[in-house]
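Have a look at the structure below, then the notes.
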Amino acid sequence: MFNALLLEELGKETKASVQRLNENQLTTGDVLVKVDYSSLNYKDAMAITGKGKIVRQWPMVPGIDFAGTVLASDHPNHQVGDEVILTGWGVGEKYWGGIAEKACVKGEWLVPLPGTMSAKRAMAIGTAGLTAMLSFMALERAGIKPDQGPILVTGATGGVGSIAVRLLAKAGFEVHAETGRRQHCDWLRQIGASEVIDRAEFDKEPAALESQRWAGAIDAVGGRTLSRILSQTKMNGAVTACGLAGGVALNTTVMPFILRGVQLLGIDSVYASTATRIEAWQRLQDNLPLDFEEQSEVYTLEQSIQAAHDLLAGKLKGRLLIQP
């Protein structure tokens with residue numbers, strides 16, 4: 001038996017509660033993992049509160065990522081005692097996820113913890129950190145360099161945004177952080193932002209082209225914000241799209257692409273290849289502060305329900321961990 005946060009569908013409502021479950025209910029994969037830490041992501045919060053159509057199968061254990069230790073394995077790449085990380089692959093949406101004491105998943109979805117990384121550090125980084133690093137790597141491949149001008153990071157107080165700010169600042173970029181949470185301006189500067197921009201500045205319909213401001217951007221918001229960023233991106237700049245908190249529609253024109261050579265780079269952290277994940281995790285281990293995990297908030301299974309509501313209400317910042 002093990003404890004888990006279970007989501008059940010009652011009519012059109014989602015009921016979230018901590019329940020005692022049996023291991024024989026875990027039928028997804030060939031590797032059983034003791035979950036040491038999971039994290040609370042925006043997608044998890046939408047699933048727990050029922051405010052987003054995230055869950056594909058009911059009942060569901062949420063949690064799109066986790067880190068822990070292999071308890072049993074029928075997969076040749078993973079042995080009992082191995083420390084592993086899971087992010088993506090539909091876990092927490094189609095398959096039972098990591099906000100639980102145990103999880104059973106397919107071995108090909110797992111990657112090893114790099115070097116001396118702890119499970120706590122892995123989930124302080126989590127899916128958000130992986131997405132931020134994949135975005136950073138995409139800007140690198142696009143040839144964006146610090147001497148070309150500032151990089152904009154949207155949703156900067158969130159998991160993806162706050163880690164992106166740190167990565168870019170350490171690499172020598174001038175980082176401008178966009179947020180609607182003005183109370184966190186000082187914190188954003190502490191982690192590397194040189195300027196903080198109010199979200200309201202981007203909540204306007206853009207012209208086809210506006211004044212050139214950004215050498216590049218990591219956008220975790222989407223919608224009107226992404227449209228405006230594209231119209232303001234410099235010649236041969238690049239913008240990564242990795243979120244949709246501001247909406248899924250993209251009302252733009254071809255002008256930034258054909259007159260300035262702007263690149264729009266989609267970031268998929270859910271189905272990224274194993275090789276890409278391993279590279280990204282090693283770079284995250286090397287490029288984030290050694291005490292990064294100590295800057296995260298840790299919650300119990302029982303506390304995770306209220307934390308999900310607080311996250312969507314904009315009351316929380318940075319990385320949020322669940323320790324089952």
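The chains in the structure tokens are called A, B, ... from first to last as shown; in each chain the residues are counted from 1, and the ligands are counted from 1 in the order shown.
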
Checklist line | 7 Å contact set for Thr154 in chain A, only C-alpha atoms, chain neighbours under 6 positions out, as a list in words | finding: Gly161, Ala177, Glu178, Thr179, Ile218, Asp219, Ala220 and Val221 of chain A

**Message:** as a ChimeraX atom specification, please: the residues near Ile48 in chain A (cut-off 10 Å, only C-alpha atoms, same-chain neighbours under 3 positions excluded).
**Reply:** /A:5-8,14-17,40,42-45,51-52,54-55,60-63,304-309

Note to self: Would you pick out the contacts of Met1 in chain A at 10 Å or less, using only C-alpha atoms, so that residues sharing its chain but fewer than 3 positions from it are not included, and give the list as number ranges by chain?
What the structure shows: A: 4, 20-25, 101-102

Can you write out as a Markdown table which residues of range 4-65 of chain A fall within 9 Å of range 118-123 of chain A, alongside each residue's closest atom pair and its distance in Å to one decimal, counting only C-alpha atoms and ordering rows by chain and ascending residue number?
| residue | atom | partner | partner_atom | distance |
| --- | --- | --- | --- | --- |
| A:Val35 | CA | A:Ala119 | CA | 8.8 |
| A:Asp36 | CA | A:Ala119 | CA | 6.4 |
| A:Tyr37 | CA | A:Lys120 | CA | 5.9 |
| A:Ser38 | CA | A:Met123 | CA | 5.9 |
| A:Ser39 | CA | A:Met123 | CA | 5.7 |
| A:Asp65 | CA | A:Met123 | CA | 7.6 |

Give me a file of those residues, with all heavy atoms, as a compact mmCIF listing (two decimals), in the first residue's frame.
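Result written to part.txt:
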# COMPACT_ATOMS: atom_id res chain seq x y z
N VAL A 35 9.00 7.22 -5.05
CA VAL A 35 9.11 8.64 -5.35
C VAL A 35 9.65 9.37 -4.13
O VAL A 35 9.05 9.36 -3.06
CB VAL A 35 7.74 9.22 -5.75
CG1 VAL A 35 7.85 10.72 -5.99
CG2 VAL A 35 7.20 8.51 -6.99
N ASP A 36 10.81 10.00 -4.30
CA ASP A 36 11.39 10.81 -3.22
C ASP A 36 10.87 12.24 -3.26
O ASP A 36 10.58 12.83 -2.23
CB ASP A 36 12.91 10.79 -3.31
CG ASP A 36 13.48 9.41 -3.07
OD1 ASP A 36 13.00 8.72 -2.15
OD2 ASP A 36 14.41 9.01 -3.80
N TYR A 37 10.78 12.80 -4.46
CA TYR A 37 10.23 14.14 -4.65
C TYR A 37 9.50 14.20 -5.99
O TYR A 37 9.91 13.56 -6.96
CB TYR A 37 11.32 15.22 -4.67
CG TYR A 37 11.89 15.54 -3.30
CD1 TYR A 37 13.00 14.85 -2.81
CD2 TYR A 37 11.33 16.54 -2.52
CE1 TYR A 37 13.53 15.14 -1.57
CE2 TYR A 37 11.85 16.84 -1.27
CZ TYR A 37 12.95 16.14 -0.79
OH TYR A 37 13.47 16.42 0.44
N SER A 38 8.43 14.97 -5.99
CA SER A 38 7.80 15.39 -7.23
C SER A 38 7.79 16.91 -7.20
O SER A 38 8.31 17.52 -6.25
CB SER A 38 6.38 14.83 -7.34
OG SER A 38 5.80 15.19 -8.58
N SER A 39 7.25 17.54 -8.23
CA SER A 39 7.12 18.99 -8.19
C SER A 39 5.72 19.39 -8.61
O SER A 39 5.00 18.61 -9.24
CB SER A 39 8.17 19.67 -9.07
OG SER A 39 7.95 19.41 -10.43
N ASP A 65 6.10 15.00 -13.23
CA ASP A 65 7.50 14.62 -13.07
C ASP A 65 7.74 14.08 -11.67
O ASP A 65 6.96 14.31 -10.75
CB ASP A 65 8.43 15.79 -13.40
CG ASP A 65 8.13 17.06 -12.61
OD1 ASP A 65 7.47 16.97 -11.56
OD2 ASP A 65 8.57 18.14 -13.04

So that I can check the surroundings of range 191-200 of chain A, please list as a PDB file with N, CA, C and O atoms, in the first residue's frame every protein, DNA and RNA residue that reaches within 7 Å of it, counting only C-alpha atoms and ignoring chain neighbours fewer than 4 positions away.
ATOM      1  N   VAL A 165      15.800  32.758 -16.416  1.00  0.00           N
ATOM      2  CA  VAL A 165      16.502  33.983 -16.013  1.00  0.00           C
ATOM      3  C   VAL A 165      17.878  33.630 -15.468  1.00  0.00           C
ATOM      4  O   VAL A 165      18.895  34.244 -15.830  1.00  0.00           O
ATOM      5  N   ARG A 166      17.957  32.641 -14.600  1.00  0.00           N
ATOM      6  CA  ARG A 166      19.228  32.240 -14.001  1.00  0.00           C
ATOM      7  C   ARG A 166      20.215  31.747 -15.072  1.00  0.00           C
ATOM      8  O   ARG A 166      21.399  32.107 -15.072  1.00  0.00           O
ATOM      9  N   ALA A 169      21.388  34.676 -17.380  1.00  0.00           N
ATOM     10  CA  ALA A 169      22.257  35.615 -16.675  1.00  0.00           C
ATOM     11  C   ALA A 169      23.641  35.014 -16.464  1.00  0.00           C
ATOM     12  O   ALA A 169      24.661  35.694 -16.660  1.00  0.00           O
ATOM     13  N   GLU A 174      22.038  39.891 -21.072  1.00  0.00           N
ATOM     14  CA  GLU A 174      21.236  40.905 -20.388  1.00  0.00           C
ATOM     15  C   GLU A 174      19.793  40.416 -20.411  1.00  0.00           C
ATOM     16  O   GLU A 174      19.201  40.267 -21.477  1.00  0.00           O
ATOM     17  N   VAL A 175      19.239  40.154 -19.242  1.00  0.00           N
ATOM     18  CA  VAL A 175      17.918  39.518 -19.147  1.00  0.00           C
ATOM     19  C   VAL A 175      16.883  40.535 -18.695  1.00  0.00           C
ATOM     20  O   VAL A 175      17.065  41.191 -17.658  1.00  0.00           O
ATOM     21  N   HIS A 176      15.806  40.646 -19.459  1.00  0.00           N
ATOM     22  CA  HIS A 176      14.660  41.457 -19.077  1.00  0.00           C
ATOM     23  C   HIS A 176      13.528  40.498 -18.718  1.00  0.00           C
ATOM     24  O   HIS A 176      13.165  39.635 -19.524  1.00  0.00           O
ATOM     25  N   ALA A 177      12.995  40.627 -17.517  1.00  0.00           N
ATOM     26  CA  ALA A 177      11.995  39.694 -16.996  1.00  0.00           C
ATOM     27  C   ALA A 177      10.614  40.331 -17.012  1.00  0.00           C
ATOM     28  O   ALA A 177      10.418  41.418 -16.460  1.00  0.00           O
ATOM     29  N   GLU A 178       9.661  39.656 -17.643  1.00  0.00           N
ATOM     30  CA  GLU A 178       8.271  40.124 -17.677  1.00  0.00           C
ATOM     31  C   GLU A 178       7.466  39.385 -16.631  1.00  0.00           C
ATOM     32  O   GLU A 178       7.573  38.163 -16.475  1.00  0.00           O
ATOM     33  N   THR A 179       6.667  40.133 -15.856  1.00  0.00           N
ATOM     34  CA  THR A 179       5.828  39.513 -14.833  1.00  0.00           C
ATOM     35  C   THR A 179       4.638  40.401 -14.515  1.00  0.00           C
ATOM     36  O   THR A 179       4.696  41.619 -14.683  1.00  0.00           O
ATOM     37  N   GLY A 180       3.573  39.778 -14.057  1.00  0.00           N
ATOM     38  CA  GLY A 180       2.422  40.523 -13.557  1.00  0.00           C
ATOM     39  C   GLY A 180       2.441  40.622 -12.048  1.00  0.00           C
ATOM     40  O   GLY A 180       1.516  41.175 -11.446  1.00  0.00           O
ATOM     41  N   CYS A 185       9.578  41.814  -7.880  1.00  0.00           N
ATOM     42  CA  CYS A 185      10.593  42.482  -8.700  1.00  0.00           C
ATOM     43  C   CYS A 185      11.991  42.355  -8.116  1.00  0.00           C
ATOM     44  O   CYS A 185      12.964  42.070  -8.826  1.00  0.00           O
ATOM     45  N   TRP A 187      13.184  40.101  -6.112  1.00  0.00           N
ATOM     46  CA  TRP A 187      13.626  38.713  -6.221  1.00  0.00           C
ATOM     47  C   TRP A 187      14.120  38.412  -7.631  1.00  0.00           C
ATOM     48  O   TRP A 187      15.152  37.749  -7.810  1.00  0.00           O
TER      49      TRP A 187
END
